[in-house]
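Coordinates from coords27.txt are shown below (compact mmCIF, C-alpha atoms).
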# COMPACT_ATOMS: atom_id res chain seq x y z
CA MET O 1363 0.00 0.00 0.00
CA GLN O 1364 1.27 3.49 -0.84
CA PHE O 1365 2.66 5.51 2.03
CA GLY O 1366 0.13 8.02 3.38
CA THR O 1367 -1.79 9.33 6.35
CA HIS O 1368 -3.36 5.93 6.97
CA VAL O 1369 -0.14 4.81 8.70
CA LEU O 1370 -1.04 7.04 11.66
CA GLN O 1371 -4.58 5.76 12.07
CA LEU O 1372 -5.23 4.04 15.38
CA ASP O 1373 -7.65 1.35 16.35
CA VAL O 1374 -8.83 3.71 19.07
CA GLU O 1375 -10.84 1.14 21.01
CA ALA O 1376 -7.97 -1.34 21.14
CA GLU O 1377 -5.45 1.42 22.00
CA THR O 1378 -7.66 2.75 24.78
CA ASN O 1379 -8.15 -0.72 26.26
CA HIS O 1380 -4.40 -1.37 26.12
CA ILE O 1381 -3.49 1.89 27.86
CA VAL O 1382 -6.18 1.46 30.51
CA THR O 1383 -5.02 -2.09 31.24
CA VAL O 1384 -1.41 -0.98 31.67
CA MET O 1385 -2.41 1.96 33.87
CA ARG O 1386 -4.37 -0.31 36.19
CA GLN O 1387 -1.55 -2.85 36.36
CA VAL O 1388 1.17 -0.31 37.08
CA ILE O 1389 -0.68 2.01 39.43
CA GLN O 1390 -2.89 -0.35 41.39
CA GLN O 1391 -0.90 -3.57 41.44
CA ASP O 1392 2.74 -2.49 41.04
CA PHE O 1393 2.68 0.90 42.81
CA ARG O 1394 -0.15 0.07 45.22
CA ARG O 1395 -1.80 3.45 44.63
CA ARG O 1396 -5.55 3.99 44.92
CA GLY O 1397 -6.16 6.43 42.08
CA ALA O 1398 -4.77 9.15 39.84
CA VAL O 1399 -3.91 12.83 39.87
CA VAL O 1400 -3.84 14.64 36.51
CA GLY O 1401 -2.65 18.20 35.92
CA LEU O 1402 -5.46 19.55 33.75
CA SER O 1403 -4.30 22.41 31.53
CA GLY O 1404 -7.22 22.86 29.17
CA GLY O 1405 -5.17 21.37 26.33
CA ILE O 1406 -5.66 18.23 24.26
CA ASP O 1407 -2.99 16.06 25.93
CA SER O 1408 -4.07 16.46 29.54
CA ALA O 1409 -7.72 16.19 28.48
CA THR O 1410 -7.05 12.85 26.78
CA VAL O 1411 -5.10 11.57 29.77
CA LEU O 1412 -7.95 12.58 32.08
CA GLY O 1413 -10.34 10.55 29.93
CA LEU O 1414 -8.04 7.54 30.10
CA ALA O 1415 -7.68 7.87 33.87
CA VAL O 1416 -11.46 7.94 34.30
CA ARG O 1417 -11.72 4.79 32.19
CA ALA O 1418 -9.03 3.13 34.31
CA PHE O 1419 -10.06 4.07 37.84
CA GLY O 1420 -13.52 5.67 37.73
CA ALA O 1421 -14.24 9.36 38.16
CA GLU O 1422 -14.38 9.04 41.96
CA ARG O 1423 -10.69 8.05 42.08
CA VAL O 1424 -9.35 10.73 39.76
CA LEU O 1425 -8.41 14.25 40.83
CA ALA O 1426 -7.88 17.02 38.25
CA VAL O 1427 -5.63 19.85 39.36
CA MET O 1428 -5.63 23.18 37.52
CA MET O 1429 -2.46 25.20 38.17
CA PRO O 1430 -2.64 28.63 36.56
CA GLU O 1431 -0.23 31.47 37.12
CA LYS O 1432 -0.41 35.09 36.04
CA ALA O 1433 0.64 34.40 32.42
CA SER O 1434 -1.94 31.63 31.93
CA SER O 1435 -4.88 32.13 29.62
CA PRO O 1436 -8.27 32.29 31.39
CA VAL O 1437 -9.61 30.07 28.59
CA SER O 1438 -7.44 27.21 29.85
CA GLU O 1439 -9.21 27.11 33.20
CA GLN O 1440 -12.62 27.47 31.58
CA TYR O 1441 -12.04 24.52 29.25
CA ALA O 1442 -10.53 22.41 32.03
CA LEU O 1443 -13.56 22.94 34.27
CA GLN O 1444 -15.96 22.07 31.48
CA LEU O 1445 -14.17 18.79 30.82
CA ALA O 1446 -13.92 17.84 34.49
CA GLU O 1447 -17.65 18.45 34.88
CA LYS O 1448 -18.40 16.32 31.82
CA TYR O 1449 -16.36 13.41 33.19
CA GLY O 1450 -17.69 13.85 36.73
CA VAL O 1451 -14.18 14.40 38.11
CA THR O 1452 -13.38 16.59 41.10
CA ALA O 1453 -11.31 19.56 39.93
CA ILE O 1454 -9.38 21.90 42.20
CA LYS O 1455 -7.48 25.08 41.46
CA GLU O 1456 -4.01 25.88 42.78
CA ASP O 1457 -2.88 29.36 41.69
CA LEU O 1458 0.91 29.28 41.55
CA THR O 1459 1.48 33.02 41.02
CA ALA O 1460 2.48 33.87 44.58
CA GLY O 1461 4.81 30.90 44.90
CA LEU O 1462 6.52 31.67 41.61
CA ALA O 1463 6.90 35.30 42.62
CA GLY O 1464 8.48 34.13 45.87
CA LEU O 1465 11.00 32.14 43.83
CA SER O 1466 11.70 35.30 41.78
CA CYS O 1467 10.54 33.51 38.63
CA TYR O 1468 9.01 36.66 37.15
CA ALA O 1469 11.80 38.98 38.30
CA ARG O 1470 14.48 36.75 36.77
CA GLN O 1471 12.54 36.50 33.50
CA ASP O 1472 11.96 40.26 33.35
CA GLU O 1473 15.64 40.96 33.96
CA ALA O 1474 16.60 38.84 30.97
CA VAL O 1475 13.91 40.40 28.77
CA ARG O 1476 15.17 43.91 29.62
CA SER O 1477 18.65 42.91 28.49
CA VAL O 1478 17.10 42.63 25.01
CA PHE O 1479 14.35 45.28 25.19
CA SER O 1480 15.44 47.89 27.74
CA ASP O 1481 12.00 49.57 27.67
CA TYR O 1482 10.10 46.37 28.51
CA ASN O 1483 7.18 46.97 30.87
CA PRO O 1484 5.67 43.67 32.08
CA ALA O 1485 2.52 45.47 33.20
CA VAL O 1486 1.49 46.23 29.60
CA ASP O 1487 3.87 44.44 27.23
CA LYS O 1488 3.34 40.84 26.10
CA ILE O 1489 6.24 38.51 25.33
CA LYS O 1490 6.86 35.10 23.81
CA LEU O 1491 9.75 33.06 22.38
CA VAL O 1492 9.54 31.98 18.74
CA LEU O 1493 11.55 29.95 16.24
CA PRO O 1494 11.84 30.65 12.49
CA GLY O 1495 8.79 29.40 10.63
CA ASP O 1496 10.60 28.47 7.42
CA LEU O 1497 11.69 24.93 8.25
CA LEU O 1498 10.35 23.42 5.02
CA GLU O 1499 11.97 26.06 2.85
CA ARG O 1500 15.42 26.51 4.36
CA GLY O 1501 15.94 24.03 7.15
CA SER O 1502 17.21 26.95 9.25
CA LEU O 1503 18.71 26.50 12.69
CA ASN O 1504 16.64 26.53 15.87
CA VAL O 1505 17.62 30.04 16.93
CA TYR O 1506 15.08 31.77 19.16
CA SER O 1507 13.83 35.31 18.85
CA LEU O 1508 12.09 37.27 21.57
CA SER O 1509 8.77 38.78 20.49
CA LEU O 1510 7.49 41.80 22.39
CA THR O 1511 4.07 43.31 21.68
CA GLY O 1512 3.36 46.67 23.30
CA ALA O 1513 0.09 48.20 24.41
CA ASP O 1514 -0.22 49.73 20.93
CA GLY O 1515 -0.32 46.26 19.37
CA VAL O 1516 2.98 46.72 17.56
CA GLU O 1517 5.25 43.64 17.65
CA ARG O 1518 9.04 43.81 17.74
CA ARG O 1519 11.33 40.79 17.38
CA ARG O 1520 15.01 40.40 18.17
CA VAL O 1521 17.24 37.34 18.08
CA LEU O 1522 17.94 36.26 21.64
CA PRO O 1523 21.55 36.31 22.88
CA VAL O 1524 22.45 32.99 24.48
CA ALA O 1525 22.64 34.35 28.03
CA ALA O 1526 19.21 35.98 27.83
CA TYR O 1527 17.67 32.89 26.25
CA LEU O 1528 19.04 30.59 28.95
CA GLN O 1529 17.85 32.86 31.75
CA ILE O 1530 14.33 33.21 30.34
CA VAL O 1531 14.01 29.45 29.88
CA ALA O 1532 15.47 28.69 33.31
CA ALA O 1533 13.01 31.09 34.92
CA SER O 1534 9.97 29.86 33.00
CA ASN O 1535 10.87 26.22 33.74
CA MET O 1536 10.12 27.00 37.39
CA LYS O 1537 6.46 26.99 36.36
CA GLN O 1538 6.49 23.37 35.21
CA ARG O 1539 8.55 22.23 38.18
CA SER O 1540 6.23 23.99 40.62
CA ARG O 1541 3.26 22.29 38.99
CA MET O 1542 4.81 18.86 39.44
CA LEU O 1543 5.56 19.67 43.08
CA MET O 1544 1.87 20.51 43.57
CA LEU O 1545 0.69 17.37 41.81
CA TYR O 1546 2.80 15.19 44.09
CA TYR O 1547 1.43 16.95 47.15
CA HIS O 1548 -2.10 16.00 46.17
CA ALA O 1549 -1.08 12.52 45.06
CA GLU O 1550 0.76 11.72 48.28
CA GLN O 1551 -2.06 13.15 50.38
CA ARG O 1552 -4.45 10.62 48.79
CA ASN O 1553 -2.07 7.73 48.07
CA TYR O 1554 -2.64 8.37 44.36
CA ALA O 1555 -0.19 8.31 41.43
CA VAL O 1556 0.72 11.25 39.21
CA ILE O 1557 -0.21 10.66 35.57
CA GLY O 1558 2.01 12.33 32.97
CA THR O 1559 0.65 13.98 29.85
CA ALA O 1560 3.65 14.08 27.49
CA ASN O 1561 3.12 12.77 23.95
CA ARG O 1562 5.71 11.34 21.58
CA ASN O 1563 6.41 14.69 19.93
CA GLU O 1564 7.22 16.34 23.24
CA HIS O 1565 9.25 13.49 24.70
CA ALA O 1566 11.44 12.59 21.73
CA GLN O 1567 12.07 16.20 20.66
CA GLY O 1568 12.72 17.49 24.17
CA PHE O 1569 9.68 19.73 24.48
CA PHE O 1570 9.35 19.21 28.23
CA VAL O 1571 11.02 20.27 31.46
CA LYS O 1572 13.21 17.78 33.26
CA TYR O 1573 11.67 17.02 36.66
CA GLY O 1574 8.78 19.28 35.64
CA ASP O 1575 6.16 18.05 33.21
CA GLY O 1576 8.64 15.31 32.31
CA GLY O 1577 8.33 13.84 35.78
CA ALA O 1578 5.44 11.50 36.62
CA ASP O 1579 4.72 7.96 37.77
CA ILE O 1580 3.48 6.81 34.37
CA GLN O 1581 3.34 8.37 30.88
CA PRO O 1582 0.36 6.73 29.14
CA ILE O 1583 0.47 8.65 25.82
CA GLN O 1584 4.22 9.10 25.40
CA HIS O 1585 4.31 6.55 22.57
CA LEU O 1586 1.68 8.36 20.47
CA TYR O 1587 2.11 11.07 17.85
CA LYS O 1588 0.15 14.28 18.40
CA THR O 1589 -2.29 13.54 15.59
CA GLN O 1590 -3.04 10.19 17.24
CA ILE O 1591 -3.86 11.99 20.49
CA TYR O 1592 -6.66 13.74 18.65
CA GLN O 1593 -8.04 10.39 17.54
CA LEU O 1594 -8.12 9.16 21.14
CA ALA O 1595 -9.59 12.44 22.36
CA ASP O 1596 -12.49 12.14 19.96
CA TYR O 1597 -13.13 8.53 21.01
CA LEU O 1598 -12.98 9.43 24.71
CA GLY O 1599 -15.47 12.27 24.32
CA VAL O 1600 -13.17 15.19 25.03
CA THR O 1601 -15.10 18.45 24.68
CA GLN O 1602 -15.05 19.97 21.21
CA GLU O 1603 -13.66 23.28 22.45
CA ILE O 1604 -10.47 21.54 23.55
CA ILE O 1605 -10.22 19.47 20.37
CA ASP O 1606 -10.59 22.61 18.24
CA ARG O 1607 -8.14 24.69 20.31
CA THR O 1608 -4.73 25.46 18.82
CA PRO O 1609 -2.08 23.80 21.04
CA THR O 1610 -0.32 26.53 23.02
CA THR O 1611 2.60 26.75 25.43
CA ASP O 1612 0.49 28.81 27.89
CA THR O 1613 3.80 29.86 29.45
CA TYR O 1614 4.43 33.44 28.32
CA SER O 1615 2.18 36.50 28.50
CA ALA O 1616 1.63 36.60 24.71
CA GLU O 1617 -0.38 33.83 23.07
CA CYS O 1618 2.12 31.38 21.61
CA SER O 1619 1.35 28.21 19.68
CA GLN O 1620 3.48 25.10 20.11
CA GLU O 1621 4.23 25.29 16.40
CA GLU O 1622 5.83 28.72 16.56
CA PHE O 1623 7.55 28.07 19.90
CA TYR O 1624 9.11 24.69 19.14
CA PHE O 1625 7.84 22.35 16.46
CA ARG O 1626 7.90 24.75 13.47
CA LEU O 1627 5.39 22.71 11.45
CA PRO O 1628 1.70 21.78 11.67
CA PHE O 1629 1.37 18.42 13.40
CA GLU O 1630 -0.38 16.93 10.36
CA GLN O 1631 2.79 17.42 8.33
CA MET O 1632 5.34 16.80 11.04
CA ASP O 1633 3.88 13.52 12.30
CA LEU O 1634 3.81 11.92 8.86
CA ILE O 1635 7.37 13.05 8.13
CA TRP O 1636 8.48 11.82 11.53
CA TYR O 1637 6.83 8.46 10.95
CA GLY O 1638 8.79 8.28 7.72
CA LEU O 1639 12.02 9.00 9.57
CA ASP O 1640 11.21 6.43 12.27
CA HIS O 1641 10.50 3.73 9.68
CA ASP O 1642 13.24 4.53 7.15
CA ILE O 1643 10.75 5.66 4.50
CA PRO O 1644 12.55 7.35 1.57
CA ALA O 1645 12.03 11.09 1.54
CA VAL O 1646 10.60 10.92 -1.95
CA ASP O 1647 7.72 8.68 -0.79
CA VAL O 1648 6.91 11.01 2.11
CA ALA O 1649 7.08 13.96 -0.24
CA VAL O 1650 4.53 12.42 -2.58
CA ALA O 1651 2.11 11.81 0.30
CA LEU O 1652 2.38 15.41 1.51
CA GLN O 1653 2.72 17.00 -1.93
CA ILE O 1654 5.98 18.72 -1.06
CA SER O 1655 9.51 18.22 -2.35
CA PRO O 1656 11.95 15.53 -1.13
CA GLN O 1657 14.33 18.34 -0.17
CA GLN O 1658 11.70 19.79 2.17
CA VAL O 1659 11.24 16.39 3.78
CA GLU O 1660 15.01 16.14 4.27
CA HIS O 1661 14.97 19.54 6.02
CA VAL O 1662 12.52 18.13 8.54
CA TYR O 1663 14.37 14.82 8.88
CA ARG O 1664 17.50 16.75 9.88
CA ASP O 1665 15.62 19.00 12.29
CA LEU O 1666 13.94 16.06 14.04
CA ALA O 1667 17.21 14.15 14.33
CA GLN O 1668 19.03 17.22 15.64
CA LYS O 1669 16.39 17.94 18.31
CA ASN O 1670 16.46 14.32 19.42
CA ARG O 1671 20.26 14.30 19.74
CA SER O 1672 20.52 17.65 21.48
CA THR O 1673 17.91 16.78 24.11
CA GLU O 1674 19.25 13.39 25.21
CA TYR O 1675 20.20 14.97 28.53
CA LEU O 1676 16.54 15.65 29.30
CA ARG O 1677 15.60 12.00 28.86
CA ALA O 1678 18.60 10.62 30.73
CA LYS O 1679 18.02 9.03 34.12
CA PRO O 1680 20.23 10.04 37.06
CA ILE O 1681 23.61 8.35 36.79
CA MET O 1682 24.60 6.19 39.72
CA VAL O 1683 28.35 6.20 40.39
CA ARG O 1684 29.56 2.81 41.55
Could you rewrite the structure in this file as structure tokens?
Amino acid sequence: MQFGTHVLQLDVEAETNHIVTVMRQVIQQDFRRRGAVVGLSGGIDSATVLGLAVRAFGAERVLAVMMPEKASSPVSEQYALQLAEKYGVTAIKEDLTAGLAGLSCYARQDEAVRSVFSDYNPAVDKIKLVLPGDLLERGSLNVYSLSLTGADGVERRRVLPVAAYLQIVAASNMKQRSRMLMLYYHAEQRNYAVIGTANRNEHAQGFFVKYGDGGADIQPIQHLYKTQIYQLADYLGVTQEIIDRTPTTDTYSAECSQEEFYFRLPFEQMDLIWYGLDHDIPAVDVAVALQISPQQVEHVYRDLAQKNRSTEYLRAKPIMVR
């Protein structure tokens, strides 16, 4: 059969049953935990994981925790609450703003931003980090720019110096690590397990924070491409608002899609190209399926391989010295 989008189609019923079986085995029998805690962000991944957890343990043994901070979109909380209500799951809110301020998360981030835009005013200006959007055309390097949009709606972009980039990322990573700390508080209080929400795209390309959203007791969707998550979400009855929502980082004050922040391609294109790379499919066959050139496919092959290599540290377990 000719290579095409069919290679990513799941038997959603069989996949759901498999994941649910493994979750029950690991959490109830191996870990001896009574239920599950899920960080519910209002995005497609955590929504799908919540649906799987309800299938595995019942709504009465699943806790959804919403963890906004001052840069979070209000829509995220709204969508999370709607889904929790639909599934019959208890949802609680833990606002992390004060804790992050106490850790100087915002002050450290603002200091780095002002090293690039000296007139930055966090009270009115919106910021985000973005990568070049021309991956198919040029295969350009993953060099970040800082985008600042003022109160007048005018956007300015400047390439980030390494020191400023590292400081902004180090500060913003406090958000993910604080969320995981909160999830484990609620899990340990109830003798529950923490369920991770990372998909294959995030894990293999390093789009996660070590000991933040990368830390959990089990990662039930880590083997699935993003487009396959949507298939599961539809089967599990995730609310349409979440399914239709553009995946965002929900980390910086300006709205920022995952595509412009990290992945650089729509998931429909990237997942099929990535499947081709994973299964040694010639670039010309992938190109035919997507109606692009083999050279464009090669650009993406190189980018995927480079991101995987450069983020091995994030996936590495602690090294025990003997």
I'd like the contact shell of segment 1653-1668 of chain O - 10 Å cut-off, only C-alpha atoms, skipping same-chain residues fewer than 5 positions apart - returned as an NGL selection string.
:O and (1497-1504 or 1563 or 1566-1567 or 1625-1627 or 1631-1632 or 1635-1636 or 1638-1640 or 1644-1648 or 1673)
Could you name the residues that touch segment 1470-1479 of chain O at 12 Å or less, counting only C-alpha atoms, but leaving out those on the same chain fewer than 6 positions away, as a PyMOL selection string?
chain O and resi 1462-1464+1485+1487-1491+1507-1512+1517-1537+1613-1615
Given the choices O:Val1437, O:Val1650, O:Leu1372, O:Val1416, which gets closest to Tyr1592 of chain O if the distance is worked out from all atoms listed in the file?
O:Leu1372
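We find atom CA of Ala1421 of chain O and atom CA of Tyr1449 of chain O to be spaced 6.8 Å apart.
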Best match for closeness to Asp1633 of chain O among O:Gly1577, O:Met1429, O:Ile1605, O:Arg1562, counting all atoms listed in the file:
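Checking each candidate against Asp1633 of chain O, we get O:Arg1562 as the closest.
Proximity of O:Ala1651, O:Met1682, O:Ile1604, O:Val1556 to Ser1403 of chain O, computed with only C-alpha atoms, is greatest for O:Ile1604.
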Just how far from atom CA of Ser1540 of chain O is atom CA of Pro1484 of chain O, in Å to one decimal?
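Answer for the atom CA of Pro1484 of chain O to atom CA of Ser1540 of chain O separation: 21.5 Å.
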Protein and nucleic acid residues near (-9.4, 2.7, 28.4) (cut-off 10 Å, only C-alpha atoms) as a CSV table (one decimal) with C-alpha atoms, in the frame of the given file:
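Printed below is point09.csv as written:
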chain,number,residue,atom,x,y,z
O,1374,VAL,CA,-8.8,3.7,19.1
O,1375,GLU,CA,-10.8,1.1,21.0
O,1376,ALA,CA,-8.0,-1.3,21.1
O,1377,GLU,CA,-5.4,1.4,22.0
O,1378,THR,CA,-7.7,2.8,24.8
O,1379,ASN,CA,-8.2,-0.7,26.3
O,1380,HIS,CA,-4.4,-1.4,26.1
O,1381,ILE,CA,-3.5,1.9,27.9
O,1382,VAL,CA,-6.2,1.5,30.5
O,1383,THR,CA,-5.0,-2.1,31.2
O,1384,VAL,CA,-1.4,-1.0,31.7
O,1385,MET,CA,-2.4,2.0,33.9
O,1386,ARG,CA,-4.4,-0.3,36.2
O,1411,VAL,CA,-5.1,11.6,29.8
O,1413,GLY,CA,-10.3,10.6,29.9
O,1414,LEU,CA,-8.0,7.5,30.1
O,1415,ALA,CA,-7.7,7.9,33.9
O,1416,VAL,CA,-11.5,7.9,34.3
O,1417,ARG,CA,-11.7,4.8,32.2
O,1418,ALA,CA,-9.0,3.1,34.3
O,1419,PHE,CA,-10.1,4.1,37.8
O,1594,LEU,CA,-8.1,9.2,21.1
O,1598,LEU,CA,-13.0,9.4,24.7
Identify, on the basis of all atoms listed in the file, every residue whose closest approach to Leu1412 of chain O does not exceed 8 Å; exclude the query and any residue fewer than 6 positions from it along the same chain; express the result as a list of chain:residue names.
O:Val1400, O:Leu1402, O:Ala1426
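Minimum atom-to-atom distance to Leu1458 of chain O, evaluated using only C-alpha atoms, belongs to O:Leu1545 out of O:Ile1591, O:Val1516, O:Leu1545, O:Val1424.
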Please give the centre and size of the box around segment 1630-1645 of chain O (axis-aligned, containing every atom listed in the file, 5 Å added per side), with values in Å to one decimal and written as lines of an AutoDock Vina configuration file.
center_x = 6.4
center_y = 10.6
center_z = 6.9
size_x = 23.6
size_y = 23.7
size_z = 20.8
